[in-house]
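Everything on this sheet refers to the single structure shown next.
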Amino acid sequence: MVEQVGYLSRRRKHGEPMLRVVHGWCVFYHQGCTLQRVGQALGNKFAFKPLACALFPLNRRGRGSWYVRQKGYEGELWDLCCLAPAPDTPLAAKTLREEFALAARLR
Ligand code: SF4
């Protein structure tokens with residue numbers, strides 16, 4: 001699919017083009033994010049990921065203000081298991097340190 005028509009779709013979100021999805025899956029998904037694995041192999045897991053993917057599950061609330069997307073919070077509609085923390089889910093403050101650092105650089 002990528003070779004035939006490219007990895008960007010005609011859909012846009014916040015003015016930016018979105019990645020192509022085939023049968024409900026991003027074209028870069030293969031047992032996890034291929035772009036992340038390539039970046040990790042080169043020492044930076046965010047090097048090739050689109051910014052929205054690199055920041056997930058952080059969402060910008062306003063200038064310099066971010067929150068962690070969670071089911072039922074701030075109108076979150078996406079029904080993903082990773083957005084529905086359980087009592088034993090590790091705290092985002094520990095697991096999202098790299099994402100917080102990336103968001104802090106964006107201000
Ligand atoms: S993190 Fe982004 S680029 Fe990677 S597989 Fe998921 S949607 Fe695709």
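Letters for chains follow the order of the structure tokens (A, B, ...), residue numbers begin at 1 for each chain, and ligand numbers begin at 1 in the order shown.
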
Report as an mmCIF file with all heavy atoms, in the first residue's frame which protein, DNA and RNA residues come within 10 Å of ligand 1, using only C-alpha atoms and all ligand atoms.
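Printed below is result-v7.cif as written:
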data_model
loop_
_atom_site.group_PDB
_atom_site.id
_atom_site.type_symbol
_atom_site.label_atom_id
_atom_site.label_comp_id
_atom_site.auth_asym_id
_atom_site.auth_seq_id
_atom_site.Cartn_x
_atom_site.Cartn_y
_atom_site.Cartn_z
ATOM 1 N N TYR A 7 2.259 6.842 2.282
ATOM 2 C CA TYR A 7 1.844 6.589 3.660
ATOM 3 C C TYR A 7 0.909 7.657 4.225
ATOM 4 O O TYR A 7 0.375 7.500 5.314
ATOM 5 C CB TYR A 7 3.060 6.404 4.578
ATOM 6 C CG TYR A 7 4.008 7.569 4.607
ATOM 7 C CD1 TYR A 7 3.784 8.639 5.456
ATOM 8 C CD2 TYR A 7 5.129 7.594 3.791
ATOM 9 C CE1 TYR A 7 4.653 9.712 5.489
ATOM 10 C CE2 TYR A 7 6.005 8.655 3.814
ATOM 11 C CZ TYR A 7 5.765 9.717 4.661
ATOM 12 O OH TYR A 7 6.635 10.773 4.687
ATOM 13 N N MET A 18 -2.925 12.918 7.883
ATOM 14 C CA MET A 18 -2.922 11.728 8.747
ATOM 15 C C MET A 18 -2.355 10.528 7.988
ATOM 16 O O MET A 18 -2.428 10.453 6.756
ATOM 17 C CB MET A 18 -4.346 11.431 9.223
ATOM 18 C CG MET A 18 -4.909 12.528 10.102
ATOM 19 S SD MET A 18 -6.607 12.213 10.597
ATOM 20 C CE MET A 18 -6.389 10.801 11.686
ATOM 21 N N LEU A 19 -1.820 9.601 8.742
ATOM 22 C CA LEU A 19 -1.253 8.390 8.145
ATOM 23 C C LEU A 19 -2.355 7.526 7.553
ATOM 24 O O LEU A 19 -3.496 7.539 8.013
ATOM 25 C CB LEU A 19 -0.480 7.591 9.192
ATOM 26 C CG LEU A 19 0.761 8.281 9.751
ATOM 27 C CD1 LEU A 19 1.370 7.430 10.857
ATOM 28 C CD2 LEU A 19 1.780 8.513 8.642
ATOM 29 N N ARG A 20 -1.983 6.791 6.545
ATOM 30 C CA ARG A 20 -2.926 5.893 5.893
ATOM 31 C C ARG A 20 -3.238 4.707 6.810
ATOM 32 O O ARG A 20 -2.351 4.197 7.513
ATOM 33 C CB ARG A 20 -2.318 5.396 4.577
ATOM 34 C CG ARG A 20 -3.298 4.720 3.660
ATOM 35 C CD ARG A 20 -2.674 4.484 2.298
ATOM 36 N NE ARG A 20 -2.268 5.696 1.604
ATOM 37 C CZ ARG A 20 -3.113 6.536 1.000
ATOM 38 N NH1 ARG A 20 -4.400 6.286 0.993
ATOM 39 N NH2 ARG A 20 -2.657 7.614 0.398
ATOM 40 N N VAL A 21 -4.485 4.305 6.800
ATOM 41 C CA VAL A 21 -4.962 3.180 7.609
ATOM 42 C C VAL A 21 -5.531 2.134 6.662
ATOM 43 O O VAL A 21 -6.274 2.464 5.743
ATOM 44 C CB VAL A 21 -6.044 3.656 8.604
ATOM 45 C CG1 VAL A 21 -6.699 2.488 9.305
ATOM 46 C CG2 VAL A 21 -5.433 4.635 9.612
ATOM 47 N N TRP A 25 -5.829 -0.506 10.619
ATOM 48 C CA TRP A 25 -4.488 -0.419 11.224
ATOM 49 C C TRP A 25 -3.614 0.547 10.431
ATOM 50 O O TRP A 25 -3.614 0.550 9.204
ATOM 51 C CB TRP A 25 -3.805 -1.796 11.226
ATOM 52 C CG TRP A 25 -4.509 -2.772 12.100
ATOM 53 C CD1 TRP A 25 -5.507 -3.632 11.724
ATOM 54 C CD2 TRP A 25 -4.297 -2.983 13.495
ATOM 55 N NE1 TRP A 25 -5.925 -4.373 12.811
ATOM 56 C CE2 TRP A 25 -5.199 -3.994 13.908
ATOM 57 C CE3 TRP A 25 -3.435 -2.420 14.438
ATOM 58 C CZ2 TRP A 25 -5.259 -4.436 15.223
ATOM 59 C CZ3 TRP A 25 -3.501 -2.873 15.747
ATOM 60 C CH2 TRP A 25 -4.404 -3.867 16.123
ATOM 61 N N CYS A 26 -2.842 1.321 11.151
ATOM 62 C CA CYS A 26 -1.859 2.206 10.530
ATOM 63 C C CYS A 26 -0.917 1.373 9.661
ATOM 64 O O CYS A 26 -0.535 0.255 10.036
ATOM 65 C CB CYS A 26 -1.069 2.906 11.647
ATOM 66 S SG CYS A 26 0.373 3.795 11.067
ATOM 67 N N VAL A 27 -0.522 1.924 8.522
ATOM 68 C CA VAL A 27 0.352 1.170 7.626
ATOM 69 C C VAL A 27 1.735 0.899 8.242
ATOM 70 O O VAL A 27 2.472 0.051 7.735
ATOM 71 C CB VAL A 27 0.531 1.877 6.267
ATOM 72 C CG1 VAL A 27 -0.768 1.865 5.482
ATOM 73 C CG2 VAL A 27 1.052 3.298 6.447
ATOM 74 N N PHE A 28 2.079 1.578 9.317
ATOM 75 C CA PHE A 28 3.374 1.341 9.960
ATOM 76 C C PHE A 28 3.278 0.385 11.147
ATOM 77 O O PHE A 28 4.276 0.131 11.817
ATOM 78 C CB PHE A 28 4.010 2.662 10.411
ATOM 79 C CG PHE A 28 4.447 3.514 9.264
ATOM 80 C CD1 PHE A 28 3.850 4.734 9.025
ATOM 81 C CD2 PHE A 28 5.451 3.093 8.407
ATOM 82 C CE1 PHE A 28 4.240 5.523 7.958
ATOM 83 C CE2 PHE A 28 5.850 3.868 7.326
ATOM 84 C CZ PHE A 28 5.243 5.083 7.104
ATOM 85 N N TYR A 29 2.062 -0.125 11.398
ATOM 86 C CA TYR A 29 1.912 -1.055 12.517
ATOM 87 C C TYR A 29 2.243 -2.470 12.060
ATOM 88 O O TYR A 29 1.667 -2.981 11.104
ATOM 89 C CB TYR A 29 0.484 -1.020 13.076
ATOM 90 C CG TYR A 29 0.358 -1.875 14.305
ATOM 91 C CD1 TYR A 29 0.686 -1.373 15.553
ATOM 92 C CD2 TYR A 29 -0.045 -3.202 14.210
ATOM 93 C CE1 TYR A 29 0.625 -2.167 16.679
ATOM 94 C CE2 TYR A 29 -0.114 -4.009 15.335
ATOM 95 C CZ TYR A 29 0.217 -3.477 16.561
ATOM 96 O OH TYR A 29 0.163 -4.267 17.677
ATOM 97 N N HIS A 30 3.163 -3.086 12.749
ATOM 98 C CA HIS A 30 3.475 -4.503 12.533
ATOM 99 C C HIS A 30 4.091 -5.018 13.829
ATOM 100 O O HIS A 30 5.262 -4.781 14.105
ATOM 101 C CB HIS A 30 4.450 -4.699 11.375
ATOM 102 C CG HIS A 30 4.782 -6.132 11.135
ATOM 103 N ND1 HIS A 30 3.871 -7.029 10.614
ATOM 104 C CD2 HIS A 30 5.908 -6.837 11.388
ATOM 105 C CE1 HIS A 30 4.433 -8.220 10.543
ATOM 106 N NE2 HIS A 30 5.659 -8.128 11.016
ATOM 107 N N GLN A 31 3.269 -5.661 14.652
ATOM 108 C CA GLN A 31 3.707 -6.109 15.977
ATOM 109 C C GLN A 31 4.304 -4.931 16.747
ATOM 110 O O GLN A 31 5.383 -5.025 17.314
ATOM 111 C CB GLN A 31 4.703 -7.261 15.853
ATOM 112 C CG GLN A 31 4.097 -8.476 15.172
ATOM 113 C CD GLN A 31 5.106 -9.570 14.896
ATOM 114 O OE1 GLN A 31 6.312 -9.349 14.886
ATOM 115 N NE2 GLN A 31 4.600 -10.773 14.667
ATOM 116 N N GLY A 32 3.585 -3.829 16.735
ATOM 117 C CA GLY A 32 4.049 -2.585 17.347
ATOM 118 C C GLY A 32 4.369 -1.588 16.248
ATOM 119 O O GLY A 32 4.167 -1.860 15.057
ATOM 120 N N CYS A 33 4.852 -0.444 16.651
ATOM 121 C CA CYS A 33 5.141 0.622 15.678
ATOM 122 C C CYS A 33 6.519 0.407 15.043
ATOM 123 O O CYS A 33 7.542 0.453 15.722
ATOM 124 C CB CYS A 33 5.099 1.974 16.383
ATOM 125 S SG CYS A 33 5.484 3.336 15.266
ATOM 126 N N THR A 34 6.499 0.209 13.744
ATOM 127 C CA THR A 34 7.752 0.002 13.010
ATOM 128 C C THR A 34 8.644 1.244 13.076
ATOM 129 O O THR A 34 9.863 1.135 13.220
ATOM 130 C CB THR A 34 7.441 -0.336 11.538
ATOM 131 O OG1 THR A 34 6.601 -1.485 11.526
ATOM 132 C CG2 THR A 34 8.692 -0.611 10.757
ATOM 133 N N LEU A 35 8.016 2.412 12.996
ATOM 134 C CA LEU A 35 8.806 3.655 13.038
ATOM 135 C C LEU A 35 9.507 3.808 14.389
ATOM 136 O O LEU A 35 10.642 4.278 14.464
ATOM 137 C CB LEU A 35 7.907 4.863 12.767
ATOM 138 C CG LEU A 35 7.211 4.879 11.400
ATOM 139 C CD1 LEU A 35 6.323 6.112 11.271
ATOM 140 C CD2 LEU A 35 8.225 4.808 10.284
ATOM 141 N N GLN A 36 8.831 3.400 15.453
ATOM 142 C CA GLN A 36 9.445 3.479 16.787
ATOM 143 C C GLN A 36 10.618 2.508 16.904
ATOM 144 O O GLN A 36 11.667 2.844 17.445
ATOM 145 C CB GLN A 36 8.409 3.185 17.882
ATOM 146 C CG GLN A 36 9.024 3.238 19.280
ATOM 147 C CD GLN A 36 7.995 3.295 20.377
ATOM 148 O OE1 GLN A 36 6.994 3.966 20.243
ATOM 149 N NE2 GLN A 36 8.249 2.588 21.462
ATOM 150 N N ARG A 37 10.427 1.299 16.370
ATOM 151 C CA ARG A 37 11.511 0.307 16.455
ATOM 152 C C ARG A 37 12.751 0.773 15.691
ATOM 153 O O ARG A 37 13.883 0.596 16.157
ATOM 154 C CB ARG A 37 11.038 -1.046 15.941
ATOM 155 C CG ARG A 37 10.204 -1.804 16.949
ATOM 156 C CD ARG A 37 10.229 -3.299 16.706
ATOM 157 N NE ARG A 37 9.819 -3.660 15.372
ATOM 158 C CZ ARG A 37 8.555 -3.808 14.980
ATOM 159 N NH1 ARG A 37 7.583 -3.639 15.827
ATOM 160 N NH2 ARG A 37 8.279 -4.150 13.746
ATOM 161 N N PHE A 46 11.659 8.457 19.098
ATOM 162 C CA PHE A 46 10.765 9.437 18.485
ATOM 163 C C PHE A 46 11.269 9.935 17.122
ATOM 164 O O PHE A 46 10.594 10.721 16.461
ATOM 165 C CB PHE A 46 10.605 10.656 19.395
ATOM 166 C CG PHE A 46 9.982 10.353 20.723
ATOM 167 C CD1 PHE A 46 10.451 10.960 21.867
ATOM 168 C CD2 PHE A 46 8.912 9.478 20.833
ATOM 169 C CE1 PHE A 46 9.866 10.702 23.108
ATOM 170 C CE2 PHE A 46 8.326 9.203 22.056
ATOM 171 C CZ PHE A 46 8.807 9.820 23.191
ATOM 172 N N PHE A 48 11.433 9.038 14.051
ATOM 173 C CA PHE A 48 10.673 8.910 12.802
ATOM 174 C C PHE A 48 9.169 8.918 13.002
ATOM 175 O O PHE A 48 8.419 8.851 12.033
ATOM 176 C CB PHE A 48 11.092 7.619 12.075
ATOM 177 C CG PHE A 48 12.559 7.567 11.807
ATOM 178 C CD1 PHE A 48 13.379 6.687 12.515
ATOM 179 C CD2 PHE A 48 13.142 8.411 10.877
ATOM 180 C CE1 PHE A 48 14.744 6.655 12.286
ATOM 181 C CE2 PHE A 48 14.503 8.384 10.640
ATOM 182 C CZ PHE A 48 15.309 7.500 11.351
ATOM 183 N N LYS A 49 8.714 8.973 14.257
ATOM 184 C CA LYS A 49 7.271 8.937 14.496
ATOM 185 C C LYS A 49 6.644 10.305 14.271
ATOM 186 O O LYS A 49 7.237 11.328 14.610
ATOM 187 C CB LYS A 49 6.982 8.503 15.951
ATOM 188 C CG LYS A 49 7.287 7.045 16.213
ATOM 189 C CD LYS A 49 7.051 6.688 17.656
ATOM 190 C CE LYS A 49 5.600 6.433 17.915
ATOM 191 N NZ LYS A 49 5.379 5.831 19.253
ATOM 192 N N PRO A 50 5.430 10.326 13.718
ATOM 193 C CA PRO A 50 4.710 11.604 13.655
ATOM 194 C C PRO A 50 4.564 12.160 15.071
ATOM 195 O O PRO A 50 4.477 11.404 16.044
ATOM 196 C CB PRO A 50 3.351 11.207 13.076
ATOM 197 C CG PRO A 50 3.584 9.915 12.378
ATOM 198 C CD PRO A 50 4.664 9.220 13.164
ATOM 199 N N LEU A 51 4.552 13.482 15.182
ATOM 200 C CA LEU A 51 4.506 14.103 16.504
ATOM 201 C C LEU A 51 3.320 13.622 17.336
ATOM 202 O O LEU A 51 3.464 13.338 18.524
ATOM 203 C CB LEU A 51 4.476 15.624 16.363
ATOM 204 C CG LEU A 51 4.524 16.411 17.660
ATOM 205 C CD1 LEU A 51 5.800 16.080 18.443
ATOM 206 C CD2 LEU A 51 4.439 17.905 17.382
ATOM 207 N N ALA A 52 2.143 13.529 16.712
ATOM 208 C CA ALA A 52 0.960 13.088 17.461
ATOM 209 C C ALA A 52 1.164 11.699 18.043
ATOM 210 O O ALA A 52 0.728 11.408 19.161
ATOM 211 C CB ALA A 52 -0.278 13.122 16.572
ATOM 212 N N CYS A 53 1.840 10.836 17.308
ATOM 213 C CA CYS A 53 2.110 9.479 17.795
ATOM 214 C C CYS A 53 3.149 9.514 18.913
ATOM 215 O O CYS A 53 3.030 8.796 19.903
ATOM 216 C CB CYS A 53 2.617 8.590 16.669
ATOM 217 S SG CYS A 53 1.441 8.343 15.333
ATOM 218 N N ALA A 54 4.170 10.324 18.735
ATOM 219 C CA ALA A 54 5.226 10.403 19.740
ATOM 220 C C ALA A 54 4.682 10.928 21.063
ATOM 221 O O ALA A 54 5.136 10.527 22.133
ATOM 222 C CB ALA A 54 6.358 11.290 19.239
ATOM 223 N N LEU A 55 3.711 11.811 21.008
ATOM 224 C CA LEU A 55 3.160 12.409 22.235
ATOM 225 C C LEU A 55 2.073 11.549 22.875
ATOM 226 O O LEU A 55 1.762 11.727 24.055
ATOM 227 C CB LEU A 55 2.573 13.786 21.929
ATOM 228 C CG LEU A 55 3.587 14.870 21.614
ATOM 229 C CD1 LEU A 55 2.893 16.085 21.032
ATOM 230 C CD2 LEU A 55 4.374 15.246 22.865
ATOM 231 N N PHE A 56 1.468 10.652 22.134
ATOM 232 C CA PHE A 56 0.355 9.863 22.655
ATOM 233 C C PHE A 56 0.754 9.140 23.932
ATOM 234 O O PHE A 56 1.845 8.567 23.967
ATOM 235 C CB PHE A 56 -0.093 8.831 21.597
ATOM 236 C CG PHE A 56 -1.274 8.039 22.017
ATOM 237 C CD1 PHE A 56 -2.552 8.509 21.808
ATOM 238 C CD2 PHE A 56 -1.106 6.805 22.643
ATOM 239 C CE1 PHE A 56 -3.654 7.777 22.215
ATOM 240 C CE2 PHE A 56 -2.188 6.070 23.051
ATOM 241 C CZ PHE A 56 -3.471 6.550 22.833
#

Among region 12-95 of chain A, which residues carry a DSSP assignment of alpha helix (DSSP H), reported as a ChimeraX atom specification?
-> /A:34-41,51-55,92-95

Name the residues in contact with Ser65 (chain A) at a cut-off of 10 Å, using only C-alpha atoms, excluding same-chain residues fewer than 4 positions from it; report them as a list in words.
-> Asn59, Arg60, Arg61, Ala103, Ala104 and Arg107 of chain A

Which of chain A counts as strand (DSSP E or B) under DSSP, as a ChimeraX atom specification please?
-> /A:8-13,16-19,21-22,25-26,29,33,58-62,65-68

Top pick for closest residue to Ala93 (chain A), considering A:Ser9, A:Lys71, A:Gly64, A:Leu58 and counting only C-alpha atoms = A:Leu58

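Using only C-alpha atoms, the protein and nucleic acid residues lying no more than 9 Å from Leu96 (chain A), apart from those fewer than 5 places from it along its own chain, are Pro57, Leu58, Leu91 and Ala101 of chain A.
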
Selected residues written out with C-alpha atoms, as a JSON list (two decimals), in the first residue's frame:
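Saved file result.json follows:
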[["chain", "number", "residue", "atom", "x", "y", "z"],
["A", 57, "PRO", "CA", -1.42, 9.67, 25.09],
["A", 58, "LEU", "CA", -0.66, 13.30, 25.93],
["A", 91, "LEU", "CA", 1.41, 6.02, 37.09],
["A", 101, "ALA", "CA", 10.01, 15.74, 28.10]]

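Take CA of Ala47 (chain A) and CA of Arg105 (chain A): the distance between them is 14.4 Å.
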
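For the atom pair formed by CA of Arg10 (chain A) and CA of Leu83 (chain A), the distance is 26.6 Å, given to one decimal.
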
Find the residues around Gly72 (chain A) up to 10 Å (only C-alpha atoms counted), leave out those fewer than 4 positions away in its own chain, and share them as number ranges by chain.
-> A: 76-79, 83-84
